[in-house]
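A.B. asks: Once you've had a glance at the structure underneath, I'll fire off some questions.
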Amino acid sequence: MTFLAQKDIEEKEIVPGYRAKFVHSDNMTLGYWDVDPGAELPEHSHPHEQIANVLEGRFELTVDGEPRVLEPGMVAVIPGGVPHSGRAITACRLLDAFHPAREDYK
């Protein structure tokens with residue numbers, strides 16, 4: 001069993017304007033993101049299932065060519081291998097869950 005405080009986790013900037021603190025278990029990864037207003041997330045895909053949660057702000061998420069504006073309390077389920085991209089309309093706090101664990105984020 002592991003207990004962590006987010007304040008003690010090293011922050012990583014994955015792409016410009018997207019900073020995250022990652023928590024890893026054997027089978028999944030959580031990413032706590034702080035995103036700058038207007039920051040673009042280029043289209044990409046990965047084999048991991050992803051559940052994207054908007055905690056604060058407004059975020060435009062495009063999944064498989066379909067854009068949606070997400071606000072606090074909204075969740076998107078993205079299957080592995082599906083192309084997706086995003087843009088922060090305002091400053092955002094996001095929480096992403098990935099399965100299996102993201103080795104590239106360790």
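Every chain in the structure tokens takes a letter, A first, then B, and so on in the order presented; its residues are numbered from 1, and the ligands are numbered from 1 following the presented order.
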When you look at stretch 16-32 of chain A with a cut-off of 7 Å (counting only C-alpha atoms), what residues show up, excluding the ones that are within fewer than 4 positions of it in the same chain? I need them as a ChimeraX atom specification.
C.D. replies: /A:9-12,36,39,94-102
A.B. asks: Could you write out that same residue set with all heavy atoms as a CSV table (one decimal), in the first residue's frame?
C.D. replies:
chain,number,residue,atom,x,y,z
A,9,ILE,N,4.8,15.2,-5.3
A,9,ILE,CA,5.1,14.5,-6.6
A,9,ILE,C,5.7,15.5,-7.6
A,9,ILE,O,5.2,16.6,-7.7
A,9,ILE,CB,3.8,13.9,-7.2
A,9,ILE,CG1,3.2,12.9,-6.2
A,9,ILE,CG2,4.0,13.3,-8.5
A,9,ILE,CD1,1.8,12.5,-6.6
A,10,GLU,N,6.7,15.1,-8.3
A,10,GLU,CA,7.4,15.9,-9.3
A,10,GLU,C,6.5,16.2,-10.4
A,10,GLU,O,5.8,15.3,-11.0
A,10,GLU,CB,8.7,15.2,-9.8
A,10,GLU,CG,9.4,16.0,-10.8
A,10,GLU,CD,10.5,15.2,-11.5
A,10,GLU,OE1,10.8,14.1,-11.0
A,10,GLU,OE2,11.1,15.8,-12.4
A,11,GLU,N,6.4,17.5,-10.8
A,11,GLU,CA,5.6,17.9,-12.0
A,11,GLU,C,6.4,17.8,-13.2
A,11,GLU,O,7.6,18.1,-13.3
A,11,GLU,CB,5.1,19.3,-11.8
A,11,GLU,CG,4.2,19.8,-12.8
A,11,GLU,CD,3.7,21.2,-12.5
A,11,GLU,OE1,4.4,22.2,-12.8
A,11,GLU,OE2,2.6,21.3,-11.9
A,12,LYS,N,5.7,17.3,-14.3
A,12,LYS,CA,6.4,17.1,-15.6
A,12,LYS,C,5.6,17.9,-16.7
A,12,LYS,O,4.4,17.8,-16.7
A,12,LYS,CB,6.5,15.6,-16.0
A,12,LYS,CG,7.3,14.8,-15.0
A,12,LYS,CD,7.3,13.4,-15.4
A,12,LYS,CE,8.1,12.5,-14.4
A,12,LYS,NZ,8.2,11.1,-14.8
A,36,ASP,N,-2.5,25.4,-19.3
A,36,ASP,CA,-2.6,26.9,-19.6
A,36,ASP,C,-3.7,27.2,-20.6
A,36,ASP,O,-4.0,26.4,-21.5
A,36,ASP,CB,-1.3,27.4,-20.2
A,36,ASP,CG,-0.1,27.3,-19.2
A,36,ASP,OD1,-0.4,27.2,-18.0
A,36,ASP,OD2,1.0,27.3,-19.7
A,39,ALA,N,-3.7,26.3,-24.5
A,39,ALA,CA,-2.7,25.3,-24.9
A,39,ALA,C,-3.3,24.2,-25.7
A,39,ALA,O,-4.4,23.7,-25.4
A,39,ALA,CB,-2.1,24.7,-23.6
A,94,LEU,N,-7.3,18.9,-15.0
A,94,LEU,CA,-7.9,17.7,-15.5
A,94,LEU,C,-7.3,16.5,-14.7
A,94,LEU,O,-6.3,16.6,-14.2
A,94,LEU,CB,-7.5,17.5,-17.0
A,94,LEU,CG,-7.7,18.7,-17.9
A,94,LEU,CD1,-7.1,18.5,-19.3
A,94,LEU,CD2,-9.2,19.1,-18.1
A,95,LEU,N,-8.1,15.4,-14.8
A,95,LEU,CA,-7.6,14.2,-14.2
A,95,LEU,C,-7.9,13.1,-15.2
A,95,LEU,O,-9.0,12.9,-15.7
A,95,LEU,CB,-8.4,13.9,-12.9
A,95,LEU,CG,-8.2,12.5,-12.3
A,95,LEU,CD1,-6.8,12.2,-11.9
A,95,LEU,CD2,-9.1,12.2,-11.1
A,96,ASP,N,-6.8,12.5,-15.6
A,96,ASP,CA,-6.8,11.3,-16.6
A,96,ASP,C,-6.5,10.0,-15.9
A,96,ASP,O,-5.5,10.0,-15.1
A,96,ASP,CB,-5.9,11.6,-17.7
A,96,ASP,CG,-6.3,12.6,-18.7
A,96,ASP,OD1,-7.5,12.9,-18.7
A,96,ASP,OD2,-5.5,13.1,-19.5
A,97,ALA,N,-7.2,9.0,-16.2
A,97,ALA,CA,-6.9,7.7,-15.8
A,97,ALA,C,-6.5,6.8,-17.0
A,97,ALA,O,-7.3,6.9,-18.0
A,97,ALA,CB,-8.1,7.0,-15.0
A,98,PHE,N,-5.4,6.1,-16.9
A,98,PHE,CA,-5.0,5.3,-18.0
A,98,PHE,C,-4.8,3.8,-17.6
A,98,PHE,O,-4.3,3.5,-16.5
A,98,PHE,CB,-3.6,5.7,-18.5
A,98,PHE,CG,-3.5,7.1,-19.0
A,98,PHE,CD1,-3.1,8.2,-18.2
A,98,PHE,CD2,-3.8,7.4,-20.4
A,98,PHE,CE1,-3.1,9.5,-18.7
A,98,PHE,CE2,-3.8,8.7,-20.8
A,98,PHE,CZ,-3.4,9.7,-20.0
A,99,HIS,N,-5.2,2.9,-18.5
A,99,HIS,CA,-5.0,1.5,-18.2
A,99,HIS,C,-4.6,0.8,-19.5
A,99,HIS,O,-5.2,1.1,-20.6
A,99,HIS,CB,-6.3,0.8,-17.8
A,99,HIS,CG,-6.1,-0.7,-17.5
A,99,HIS,ND1,-6.3,-1.6,-18.5
A,99,HIS,CD2,-5.7,-1.4,-16.5
A,99,HIS,CE1,-6.0,-2.8,-18.0
A,99,HIS,NE2,-5.7,-2.7,-16.8
A,100,PRO,N,-3.5,0.1,-19.5
A,100,PRO,CA,-2.6,-0.2,-18.4
A,100,PRO,C,-1.7,1.0,-18.1
A,100,PRO,O,-1.9,2.1,-18.7
A,100,PRO,CB,-1.7,-1.3,-18.9
A,100,PRO,CG,-1.7,-1.2,-20.4
A,100,PRO,CD,-3.1,-0.6,-20.8
A,101,ALA,N,-0.9,0.9,-17.1
A,101,ALA,CA,0.0,2.0,-16.7
A,101,ALA,C,0.8,2.6,-17.8
A,101,ALA,O,1.2,1.8,-18.7
A,101,ALA,CB,0.9,1.5,-15.6
A,102,ARG,N,1.0,3.9,-17.8
A,102,ARG,CA,1.8,4.6,-18.8
A,102,ARG,C,3.3,4.5,-18.4
A,102,ARG,O,3.8,5.3,-17.6
A,102,ARG,CB,1.4,6.0,-18.9
A,102,ARG,CG,0.0,6.3,-19.5
A,102,ARG,CD,-0.2,6.0,-20.9
A,102,ARG,NE,0.7,6.7,-21.8
A,102,ARG,CZ,0.4,7.7,-22.6
A,102,ARG,NH1,-0.9,8.1,-22.6
A,102,ARG,NH2,1.3,8.3,-23.3
A.B. asks: Return as a list in words the full set of residues in chain A whose backbone-based DSSP assignment is helix (DSSP H, G or I).
C.D. replies: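 Answer for chain A restricted to helix (DSSP H, G or I) is Gln6, Lys7, Asp8, Glu103, Asp104 and Tyr105 of chain A.
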A.B. asks: Residues near stretch 66-74 of chain A, anyone? I mean within 7 Å using only C-alpha atoms, not counting same-chain ones fewer than 3 positions away, as a PyMOL selection string.
C.D. replies: chain A and resi 53-63
A.B. asks: Counting only C-alpha atoms, which of A:Glu13, A:Glu40, A:Thr2, A:Asp8 gets nearest to A:Thr90?
C.D. replies: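 Of A:Glu13, A:Glu40, A:Thr2, A:Asp8, the one nearest A:Thr90 is A:Glu40, counting only C-alpha atoms.
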A.B. asks: DSSP on the backbone, strand (DSSP E) only: what residues of stretch 41-82 of chain A does that give? Format it as a ChimeraX atom specification.
C.D. replies: /A:41-44,49-56,59-63,66-70,75-78
A.B. asks: With distances taken over only C-alpha atoms, which residue among A:Ala52, A:Val15, A:Cys92, A:Leu4 lies nearest A:Pro79?
C.D. replies: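 Closest to A:Pro79, using only C-alpha atoms: A:Ala52.
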A.B. asks: Kindly indicate which residue among A:Lys7, A:His46, A:Pro37, A:Ile14 lies nearest to A:Arg87, using only C-alpha atoms for the distances.
C.D. replies: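 The answer is A:Pro37, which sits nearest to A:Arg87.
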A.B. asks: Can you measure atom CA of A:Ala76 to atom CA of A:Gln50 for me? One decimal in Å is fine.
C.D. replies: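 It comes out at 8.1 Å.
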A.B. asks: Could you jot down the atom CA of A:Ser85 to atom CA of A:Leu41 separation for me, Å, one decimal place?
C.D. replies: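 Between atom CA of A:Ser85 and atom CA of A:Leu41 the gap works out to 5.3 Å.
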